[in-house]
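Source file: run_5.tsv (TSV, C-alpha atoms)
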chain	number	residue	atom	x	y	z
A	1	ASP	CA	0.00	0.00	0.00
A	2	GLU	CA	1.01	3.69	-0.02
A	3	ARG	CA	2.42	3.48	3.50
A	4	PHE	CA	4.85	0.69	2.56
A	5	GLU	CA	5.81	2.50	-0.66
A	6	LEU	CA	6.57	5.66	1.32
A	7	ARG	CA	8.61	3.66	3.83
A	8	ASN	CA	10.54	2.11	0.95
A	9	GLN	CA	11.35	5.50	-0.58
A	10	VAL	CA	12.50	6.90	2.75
A	11	ALA	CA	14.61	3.83	3.55
A	12	LEU	CA	16.38	4.01	0.19
A	13	ALA	CA	16.99	7.71	0.69
A	14	VAL	CA	18.53	7.03	4.12
A	15	ALA	CA	20.75	4.33	2.64
A	16	LYS	CA	21.89	6.71	-0.10
A	17	GLU	CA	22.61	9.45	2.42
A	18	ILE	CA	24.93	7.24	4.49
A	19	GLU	CA	26.52	5.79	1.35
A	20	VAL	CA	25.35	2.24	1.99
A	21	GLU	CA	24.99	-0.04	-1.01
A	22	VAL	CA	21.45	-1.38	-1.05
A	23	LEU	CA	21.25	-4.86	-2.50
A	24	ASP	CA	18.20	-6.29	-4.25
A	25	HIS	CA	17.30	-8.52	-1.31
A	26	GLU	CA	17.42	-5.50	1.01
A	27	ARG	CA	15.10	-3.53	-1.28
A	28	LEU	CA	12.66	-6.42	-1.09
A	29	GLN	CA	13.04	-6.52	2.68
A	30	MET	CA	12.21	-2.82	2.85
A	31	LEU	CA	9.05	-3.34	0.80
A	32	THR	CA	7.83	-6.01	3.20
A	33	VAL	CA	9.29	-4.19	6.16
A	34	ARG	CA	8.49	-4.66	9.80
A	35	ASP	CA	7.63	-1.42	11.59
A	36	ILE	CA	11.23	-0.34	12.22
A	37	GLU	CA	12.12	3.26	12.86
A	38	PHE	CA	14.22	4.45	9.92
A	39	GLU	CA	16.71	6.23	12.15
A	40	ALA	CA	17.13	2.95	14.01
A	41	TYR	CA	17.79	1.13	10.75
A	42	ARG	CA	20.33	3.76	9.80
A	43	GLU	CA	22.20	3.28	13.09
A	44	PHE	CA	21.98	-0.49	12.65
A	45	ARG	CA	23.65	-0.36	9.23
A	46	LYS	CA	26.36	1.96	10.50
A	47	GLY	CA	26.98	-0.48	13.33
A	48	LEU	CA	27.41	-3.45	11.01
A	49	GLU	CA	29.79	-1.47	8.79
A	50	ASP	CA	31.95	-0.55	11.79
A	51	LEU	CA	32.07	-4.15	13.01
A	52	GLU	CA	33.58	-5.23	9.68
A	53	LEU	CA	36.63	-3.02	10.29
A	54	TYR	CA	37.85	-5.57	12.89
A	55	THR	CA	39.62	-2.90	14.93
A	56	PRO	CA	39.05	-1.96	18.58
A	57	GLU	CA	37.75	1.43	17.48
A	58	GLY	CA	35.49	-0.14	14.87
A	59	LEU	CA	34.03	-2.62	17.34
A	60	ALA	CA	33.48	0.06	19.97
A	61	ASN	CA	31.76	2.36	17.47
A	62	GLY	CA	29.73	-0.54	16.11
A	63	ILE	CA	28.43	-1.34	19.56
A	64	LEU	CA	27.50	2.30	20.12
A	65	HIS	CA	25.53	2.43	16.86
A	66	LEU	CA	23.74	-0.83	17.64
A	67	LYS	CA	22.87	0.42	21.12
A	68	GLU	CA	21.54	3.63	19.61
A	69	ALA	CA	19.42	1.64	17.15
A	70	SER	CA	17.93	-0.31	20.07
A	71	ALA	CA	17.31	2.89	22.02
A	72	ILE	CA	15.48	4.46	19.08
A	73	ASP	CA	13.41	1.35	18.46
A	74	PRO	CA	13.34	-1.10	21.41
A	75	ASP	CA	11.40	-3.61	19.28
A	76	PHE	CA	14.18	-3.80	16.68
A	77	LEU	CA	15.50	-7.18	17.90
A	78	GLU	CA	18.10	-7.55	15.16
A	79	ALA	CA	19.99	-4.54	16.51
A	80	ARG	CA	20.03	-6.02	19.99
A	81	ILE	CA	21.05	-9.46	18.78
A	82	TRP	CA	23.91	-8.21	16.59
A	83	GLU	CA	25.47	-6.51	19.57
A	84	ALA	CA	26.36	-9.98	20.89
A	85	PRO	CA	28.93	-10.91	18.20
A	86	ALA	CA	30.34	-7.39	18.42
A	87	HIS	CA	31.59	-8.35	21.87
A	88	TRP	CA	32.92	-11.80	20.94
A	89	VAL	CA	34.64	-10.99	17.61
A	90	PRO	CA	37.96	-10.22	19.39
A	91	THR	CA	38.18	-13.86	20.48
A	92	GLU	CA	38.82	-14.59	16.80
A	93	TYR	CA	41.08	-11.71	15.77
A	94	GLY	CA	42.33	-10.24	19.05
A	95	GLY	CA	43.04	-6.62	19.76
A	96	ALA	CA	40.50	-5.90	22.52
A	97	THR	CA	40.87	-5.54	26.24
A	98	GLY	CA	39.93	-8.31	28.63
A	99	THR	CA	40.09	-12.08	28.45
A	100	PRO	CA	38.11	-14.32	26.10
A	101	ARG	CA	35.94	-15.49	28.99
A	102	GLU	CA	35.09	-11.87	29.78
A	103	MET	CA	34.28	-11.19	26.12
A	104	PHE	CA	31.46	-13.75	26.25
A	105	VAL	CA	29.80	-12.37	29.39
A	106	ARG	CA	27.89	-9.55	27.70
A	107	PRO	CA	26.80	-11.66	24.69
A	108	LYS	CA	25.26	-14.19	27.07
A	109	GLU	CA	23.40	-11.40	28.87
A	110	ILE	CA	22.16	-9.93	25.59
A	111	LEU	CA	20.86	-13.23	24.27
A	112	ASP	CA	19.22	-14.06	27.61
A	113	GLU	CA	17.42	-10.70	27.49
A	114	VAL	CA	16.26	-11.20	23.91
A	115	GLU	CA	15.24	-14.80	24.57
A	116	GLU	CA	12.83	-13.60	27.27
A	117	ILE	CA	11.15	-11.42	24.66
A	118	ALA	CA	11.13	-13.88	21.75
A	119	PRO	CA	12.24	-17.34	22.91
A	120	ASP	CA	11.20	-19.10	19.71
A	121	ALA	CA	12.53	-16.56	17.22
A	122	SER	CA	14.76	-18.27	14.67
A	123	MET	CA	17.39	-15.54	14.84
A	124	VAL	CA	17.58	-15.83	18.64
A	125	LEU	CA	18.06	-19.59	18.31
A	126	SER	CA	20.73	-19.11	15.64
A	127	PHE	CA	22.83	-16.69	17.64
A	128	GLY	CA	22.40	-18.87	20.71
A	129	GLY	CA	23.93	-21.67	18.67
A	130	TRP	CA	26.85	-19.48	17.65
A	131	LEU	CA	27.43	-18.64	21.31
A	132	ALA	CA	27.29	-22.29	22.37
A	133	MET	CA	29.85	-23.21	19.72
A	134	ALA	CA	32.29	-20.38	20.43
A	135	ALA	CA	32.00	-19.77	24.16
A	136	ASP	CA	31.39	-23.28	25.46
A	137	TRP	CA	32.60	-25.49	22.61
A	138	ASP	CA	29.24	-27.18	23.10
A	139	TRP	CA	28.89	-28.76	19.69
A	140	GLU	CA	25.64	-30.60	20.46
A	141	SER	CA	23.86	-27.42	21.60
A	142	ALA	CA	25.09	-25.54	18.54
A	143	VAL	CA	23.74	-28.20	16.18
A	144	THR	CA	20.44	-28.44	18.07
A	145	LYS	CA	19.85	-24.69	18.02
A	146	ALA	CA	20.62	-24.51	14.31
A	147	ARG	CA	18.12	-27.32	13.66
A	148	LEU	CA	15.42	-25.69	15.81
A	149	ALA	CA	15.97	-22.35	14.11
A	150	LEU	CA	15.53	-23.92	10.68
A	151	GLU	CA	12.46	-25.82	11.82
A	152	THR	CA	11.03	-22.49	12.97
A	153	ASN	CA	12.10	-20.68	9.81
A	154	PRO	CA	13.63	-22.70	6.94
A	155	LYS	CA	14.93	-19.42	5.49
A	156	GLU	CA	16.91	-18.44	8.59
A	157	VAL	CA	20.21	-17.55	6.91
A	158	ASP	CA	22.25	-17.29	10.12
A	159	ALA	CA	21.21	-20.82	11.08
A	160	LEU	CA	22.36	-22.11	7.70
A	161	ARG	CA	25.63	-20.25	8.16
A	162	LEU	CA	26.01	-21.79	11.63
A	163	ARG	CA	25.35	-25.23	10.18
A	164	SER	CA	27.95	-24.57	7.49
A	165	ARG	CA	30.53	-23.38	10.03
A	166	TYR	CA	29.92	-26.43	12.22
A	167	ARG	CA	30.29	-28.87	9.34
A	168	SER	CA	33.55	-27.33	8.20
A	169	TYR	CA	35.27	-26.21	11.39
A	170	ILE	CA	34.04	-28.87	13.78
A	171	GLU	CA	33.14	-31.98	11.78
A	172	GLY	CA	35.75	-31.61	9.04
A	173	ARG	CA	33.18	-31.96	6.24
A	174	PRO	CA	33.74	-28.84	4.10
A	175	ASP	CA	31.89	-30.23	1.09
A	176	SER	CA	28.76	-30.65	3.20
A	177	ALA	CA	29.40	-27.21	4.68
A	178	LEU	CA	29.48	-25.77	1.20
A	179	ASP	CA	26.02	-27.21	0.51
A	180	ALA	CA	24.59	-25.46	3.57
A	181	LEU	CA	26.27	-22.18	2.69
A	182	GLU	CA	25.03	-22.29	-0.90
A	183	LYS	CA	21.48	-22.61	0.45
A	184	ALA	CA	22.09	-19.51	2.56
A	185	LEU	CA	23.54	-17.63	-0.42
A	186	ALA	CA	20.51	-18.55	-2.53
A	187	LEU	CA	18.34	-16.83	0.09
A	188	ASP	CA	20.58	-13.84	0.74
A	189	ASN	CA	23.75	-13.03	-1.19
A	190	ARG	CA	25.06	-10.83	1.60
A	191	TYR	CA	28.71	-9.97	2.06
A	192	ASP	CA	29.48	-11.94	5.24
A	193	LEU	CA	28.31	-15.12	3.52
A	194	GLN	CA	30.72	-14.40	0.68
A	195	THR	CA	33.58	-14.16	3.18
A	196	GLU	CA	32.42	-17.45	4.67
A	197	LEU	CA	32.58	-19.00	1.20
A	198	ALA	CA	36.25	-18.08	0.91
A	199	GLU	CA	36.87	-19.62	4.34
A	200	ILE	CA	35.26	-22.91	3.33
A	201	HIS	CA	37.44	-23.18	0.22
A	202	LEU	CA	40.46	-22.47	2.40
A	203	TRP	CA	39.25	-25.02	4.93
A	204	ARG	CA	39.11	-27.77	2.33
A	205	GLY	CA	42.57	-26.90	1.01
A	206	ASP	CA	41.33	-25.43	-2.28
A	207	TYR	CA	43.54	-22.38	-1.95
A	208	GLN	CA	43.15	-21.19	-5.52
A	209	ARG	CA	39.35	-21.01	-5.30
A	210	ALA	CA	39.61	-19.41	-1.87
A	211	LEU	CA	41.95	-16.79	-3.31
A	212	GLU	CA	39.61	-16.06	-6.21
A	213	GLN	CA	36.74	-15.57	-3.78
A	214	THR	CA	38.80	-13.28	-1.53
A	215	GLU	CA	39.62	-11.11	-4.53
A	216	ARG	CA	35.90	-10.71	-5.21
A	217	ASN	CA	35.35	-9.90	-1.55
A	218	MET	CA	38.06	-7.24	-1.61
A	219	LYS	CA	36.25	-5.50	-4.45
A	220	ALA	CA	32.92	-5.76	-2.67
A	221	ASN	CA	34.20	-4.28	0.59
A	222	LYS	CA	37.35	-2.20	0.41
A	223	LYS	CA	37.43	-1.55	4.17
A	224	ASP	CA	37.32	-5.12	5.46
A	225	PRO	CA	40.76	-6.60	6.29
A	226	ALA	CA	39.43	-10.17	6.58
A	227	PRO	CA	39.80	-11.05	2.87
A	228	HIS	CA	43.42	-9.95	2.99
A	229	LEU	CA	44.04	-12.21	5.99
A	230	THR	CA	42.54	-15.14	4.11
A	231	ALA	CA	44.50	-14.24	0.98
A	232	SER	CA	47.75	-14.30	2.95
A	233	VAL	CA	47.13	-17.90	4.04
A	234	CYS	CA	46.19	-18.88	0.47
A	235	HIS	CA	49.30	-17.31	-1.05
A	236	ARG	CA	51.53	-18.97	1.55
A	237	ASN	CA	50.11	-22.41	0.81
A	238	LEU	CA	50.44	-21.79	-2.94
A	239	GLY	CA	54.11	-20.88	-2.47
A	240	ASN	CA	53.59	-17.18	-3.25
A	241	PHE	CA	55.41	-15.96	-0.16
A	242	GLU	CA	55.93	-12.35	-1.19
A	243	ALA	CA	52.24	-12.05	-2.03
A	244	ALA	CA	51.42	-13.61	1.35
A	245	ALA	CA	53.50	-10.98	3.10
A	246	GLY	CA	51.96	-8.24	0.98
A	247	ALA	CA	48.41	-9.29	1.86
A	248	ALA	CA	49.29	-9.39	5.57
A	249	LYS	CA	50.90	-5.94	5.38
A	250	ARG	CA	47.79	-4.59	3.69
A	251	ALA	CA	45.64	-5.93	6.55
A	252	ILE	CA	48.02	-4.34	9.07
A	253	GLU	CA	47.72	-0.99	7.29
A	254	MET	CA	43.93	-1.23	7.12
A	255	THR	CA	43.68	-1.86	10.87
A	256	ASP	CA	46.40	0.64	11.86
A	257	GLY	CA	48.36	-2.18	13.44
A	258	SER	CA	45.57	-2.98	15.89
A	259	ASN	CA	44.75	-6.52	14.69
A	260	PRO	CA	47.17	-9.15	16.10
A	261	THR	CA	45.99	-11.75	13.60
A	262	ALA	CA	47.33	-9.57	10.78
A	263	ASP	CA	50.73	-9.57	12.50
A	264	ALA	CA	50.47	-13.34	12.78
A	265	ARG	CA	49.82	-13.69	9.04
A	266	LEU	CA	52.95	-11.62	8.34
A	267	THR	CA	54.89	-13.81	10.77
A	268	GLU	CA	53.78	-16.91	8.86
A	269	ALA	CA	54.75	-15.37	5.52
A	270	TYR	CA	58.24	-14.49	6.78
A	271	ALA	CA	58.63	-17.95	8.28
A	272	ALA	CA	57.62	-19.61	5.00
A	273	GLN	CA	60.12	-17.40	3.15
A	274	GLY	CA	62.90	-18.59	5.43
A	275	GLN	CA	63.24	-15.19	7.10
A	276	GLU	CA	63.38	-16.72	10.55
A	277	ASN	CA	64.80	-13.68	12.35
A	278	LEU	CA	62.00	-11.43	11.10
A	279	ALA	CA	59.40	-14.05	12.01
A	280	ARG	CA	60.76	-14.56	15.50
A	281	GLY	CA	60.99	-10.82	16.03
A	282	LEU	CA	57.29	-10.44	15.29
A	283	LEU	CA	56.47	-13.40	17.50
A	284	ALA	CA	58.41	-11.86	20.37
A	285	GLY	CA	56.22	-8.77	20.07
A	286	LEU	CA	53.03	-10.82	20.04
A	287	GLU	CA	54.17	-12.87	23.04
A	288	GLU	CA	54.94	-9.84	25.19
A	289	PRO	CA	52.21	-9.65	27.88
A	290	GLN	CA	50.04	-6.54	27.76
A	291	GLU	CA	47.28	-5.95	30.26
A	292	ASP	CA	45.03	-4.05	27.87
A	293	TRP	CA	45.66	-6.09	24.75
A	294	TYR	CA	44.46	-9.58	23.89
A	295	VAL	CA	46.44	-11.68	21.40
A	296	PRO	CA	44.88	-15.06	20.47
A	297	SER	CA	47.15	-17.91	21.47
A	298	ALA	CA	46.37	-19.61	18.15
A	299	ALA	CA	47.81	-16.59	16.31
A	300	ILE	CA	51.15	-17.11	18.03
A	301	ALA	CA	50.93	-20.88	17.63
A	302	SER	CA	50.49	-20.58	13.87
A	303	GLY	CA	53.72	-18.61	13.54
A	304	TYR	CA	55.68	-21.25	15.40
A	305	ALA	CA	54.00	-24.00	13.40
A	306	VAL	CA	55.09	-22.47	10.08
A	307	LEU	CA	58.61	-22.06	11.52
A	308	GLY	CA	58.59	-25.81	12.15
A	309	ASP	CA	58.67	-25.43	15.93
A	310	ALA	CA	55.81	-27.80	16.76
A	311	THR	CA	56.66	-27.87	20.47
A	312	LYS	CA	56.16	-24.12	20.87
A	313	ALA	CA	53.10	-24.17	18.60
A	314	ILE	CA	51.39	-26.82	20.71
A	315	GLU	CA	52.41	-25.05	23.90
A	316	TRP	CA	50.51	-21.98	22.72
A	317	LEU	CA	47.52	-24.01	21.57
A	318	GLN	CA	47.35	-25.50	25.06
A	319	LYS	CA	47.15	-21.96	26.44
A	320	GLY	CA	44.28	-21.35	24.06
A	321	VAL	CA	42.46	-24.38	25.46
A	322	ASP	CA	43.18	-23.45	29.07
A	323	ASN	CA	41.89	-19.90	28.48
A	324	ARG	CA	38.84	-21.03	26.49
A	325	GLU	CA	39.75	-18.69	23.65
A	326	GLY	CA	36.56	-18.93	21.65
A	327	PHE	CA	36.49	-18.63	17.88
A	328	SER	CA	40.24	-18.59	17.32
A	329	MET	CA	40.52	-22.10	18.75
A	330	ILE	CA	37.64	-23.71	16.87
A	331	LYS	CA	39.58	-23.05	13.65
A	332	ILE	CA	42.52	-25.30	14.48
A	333	ARG	CA	41.41	-28.34	12.46
A	334	SER	CA	41.57	-26.72	9.03
A	335	ASP	CA	43.65	-28.17	6.20
A	336	ASP	CA	46.36	-25.60	6.98
A	337	TRP	CA	46.68	-26.65	10.63
A	338	LEU	CA	46.49	-30.34	9.79
A	339	GLN	CA	49.29	-30.02	7.26
A	340	LEU	CA	51.43	-28.19	9.82
A	341	LEU	CA	50.77	-30.26	12.95
A	342	GLY	CA	48.76	-33.33	11.97
A	343	ASP	CA	51.70	-35.70	12.49
A	344	HIS	CA	52.27	-34.64	16.10
A	345	PRO	CA	50.48	-36.61	18.86
A	346	ASP	CA	50.29	-33.57	21.16
A	347	TYR	CA	48.26	-31.73	18.54
A	348	TRP	CA	45.67	-34.50	18.64
A	349	HIS	CA	45.67	-34.25	22.42
A	350	ILE	CA	44.57	-30.62	22.01
A	351	ILE	CA	41.83	-31.71	19.60
A	352	ASP	CA	40.70	-34.35	22.10
A	353	GLN	CA	40.54	-31.88	24.98
A	354	MET	CA	38.17	-29.75	22.95
A	355	LYS	CA	36.07	-32.86	22.24
A	356	PHE	CA	36.00	-32.40	18.49
A	357	PRO	CA	34.01	-35.19	16.81
A	358	PRO	CA	36.17	-37.62	14.81
A	359	LEU	CA	37.05	-36.73	11.26
A	360	PRO	CA	34.89	-38.59	8.74
A	361	ILE	CA	36.10	-41.67	6.91
A	362	GLY	CA	37.72	-40.55	3.71
A	363	HIS	CA	39.22	-37.41	5.21
A	364	PRO	CA	42.98	-37.28	4.45
A	365	PHE	CA	43.80	-37.18	8.18
A	366	HIS	CA	41.20	-39.70	9.35
A	367	GLY	CA	43.85	-42.40	9.75
A	368	ARG	CA	46.31	-40.14	11.57
A	369	GLU	CA	43.60	-39.12	14.00
A	370	ARG	CA	42.67	-42.72	14.77
A	371	GLU	CA	46.32	-43.52	15.32
A	372	LEU	CA	47.45	-40.50	17.33
A	373	ARG	CA	44.42	-39.12	19.16
A	374	PRO	CA	44.18	-40.32	22.81
A	375	TRP	CA	40.36	-40.63	22.61
A	376	SER	CA	39.84	-39.82	26.28
A	377	ASP	CA	36.40	-40.68	27.71
A	378	ARG	CA	35.13	-42.12	24.40
A	379	GLY	CA	36.05	-45.08	22.28
A	380	ASN	CA	37.43	-44.62	18.79

Rewrite the structure from the file as structure tokens, please.
Amino acid sequence: DERFELRNQVALAVAKEIEVEVLDHERLQMLTVRDIEFEAYREFRKGLEDLELYTPEGLANGILHLKEASAIDPDFLEARIWEAPAHWVPTEYGGATGTPREMFVRPKEILDEVEEIAPDASMVLSFGGWLAMAADWDWESAVTKARLALETNPKEVDALRLRSRYRSYIEGRPDSALDALEKALALDNRYDLQTELAEIHLWRGDYQRALEQTERNMKANKKDPAPHLTASVCHRNLGNFEAAAGAAKRAIEMTDGSNPTADARLTEAYAAQGQENLARGLLAGLEEPQEDWYVPSAAIASGYAVLGDATKAIEWLQKGVDNREGFSMIKIRSDDWLQLLGDHPDYWHIIDQMKFPPLPIGHPFHGRERELRPWSDRGN
């Protein structure tokens, strides 16, 4: 009706004013819009843009915008829900103050608050699953919440993304993960799903396809350092060490040196090039304790792994387990990590402590896992 058409025109004008690209699926969403205050939507979009900078300043500003969106329109649940990952993102990339355990306190409070309002909402279930996977390494709860979300709403994109992440990161079934992600992309071709697509190709060891996807992502979002971080890993595994270093340096520049994972990617590139002194110098900086600065243990471990120092790499992974370091630790069973540490029994001890399910039959490291994993409190 005329009211919806007017809302559509105003929403598109707001998007144009704040220089936000409006995709076709978002135009459709505006036409069938819930009663959301337009100023709230504007703050919401600004918040999401800031979160994708992956810097302490970007995360802080993103949270402020999301809070403002919620204040303008208390019924705008998406704004409240998206504040949760804004607090836990540093467990993946580092750079924030506090410990990983502390970074999950506020997300749990946020989701508890929203669950009281809409306990059966598919988006609430989806983000609850993300929290269970990252904060508690509770794989069963994550899978259950994704299933319930999709039963509630088969088009819940974040549940499909969660299912995809679980199948790749946790189960070691990237081909099945790709199926779930393609379903999500068919529903909503949004940017964060495109970055996830690059990650899945990287996860399965298809570094060329991952690199091609990251290049598309770089063009789509020139402010996001994440594609450059992924590109660095791809170039290193393809033997393009200078390009790997260049991609890492670009990510460092984009984040003003405030993203420890970017430093770790540069460390890996130097190590792969044989520039051990440069690599160890960067590692020394990352290892130096700082009260107001969190560096993921896995970021340091990866540098030592590429240097060939498995003992130090596993020592740092153990710190990641002991500190419950969230998203950075659930990534340690990718093709890259398996190639670096898959022949070391202590690596499989780390995997066992986190209670990862066994790799499927047919996986290249299925046999090594059966041989080297201690299989505590479960048979093999």

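With distances restricted to all atoms listed in the file, A:Arg80 is the closest residue to Met123 (chain A) from A:Arg333, A:Arg80, A:His87, A:Arg165.
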
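Between CA of Leu162 (chain A) and CA of Ala184 (chain A) lies a distance of 10.1 Å.
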
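Using only C-alpha atoms, the nearest neighbour of Ser122 (chain A) within the list A:Ile81, A:Ala86, A:Glu171, A:Phe104 is A:Ile81.
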
Fill in: Residue contacts of Ala84 (chain A) (10 Å, all atoms listed in the file) excluding same-chain residues fewer than 3 positions away, as number ranges by chain
A: 63, 79-81, 87-89, 103-111, 127-128, 131

Worksheet entry | Atomic separation - CA of Arg209 (chain A) relative to CA of Thr267 (chain A), Å |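 About the pair CA of Thr267 (chain A) and CA of Arg209 (chain A): they are 23.5 Å apart.
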
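Neighbours of region 43-51 of chain A closer than or equal to 6 Å, with only C-alpha atoms counted and sequence neighbours fewer than 5 positions away skipped, come out as Gly58, Leu59, Gly62, His65, Leu66, Ala69 and Ala79 of chain A.
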
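CA of Pro225 (chain A) lies 13.8 Å from CA of Ala245 (chain A).
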
Practice prompt. With a distance cut-off of 10 Å and all atoms listed in the file, select the neighbouring residues of region 214-222 of chain A, excluding the residue or stretch itself and same-chain residues fewer than 4 positions from it, and output the selection as a ChimeraX atom specification.
Written response: /A:21,49,52-53,191-192,194-199,208-210,226-231,234,254
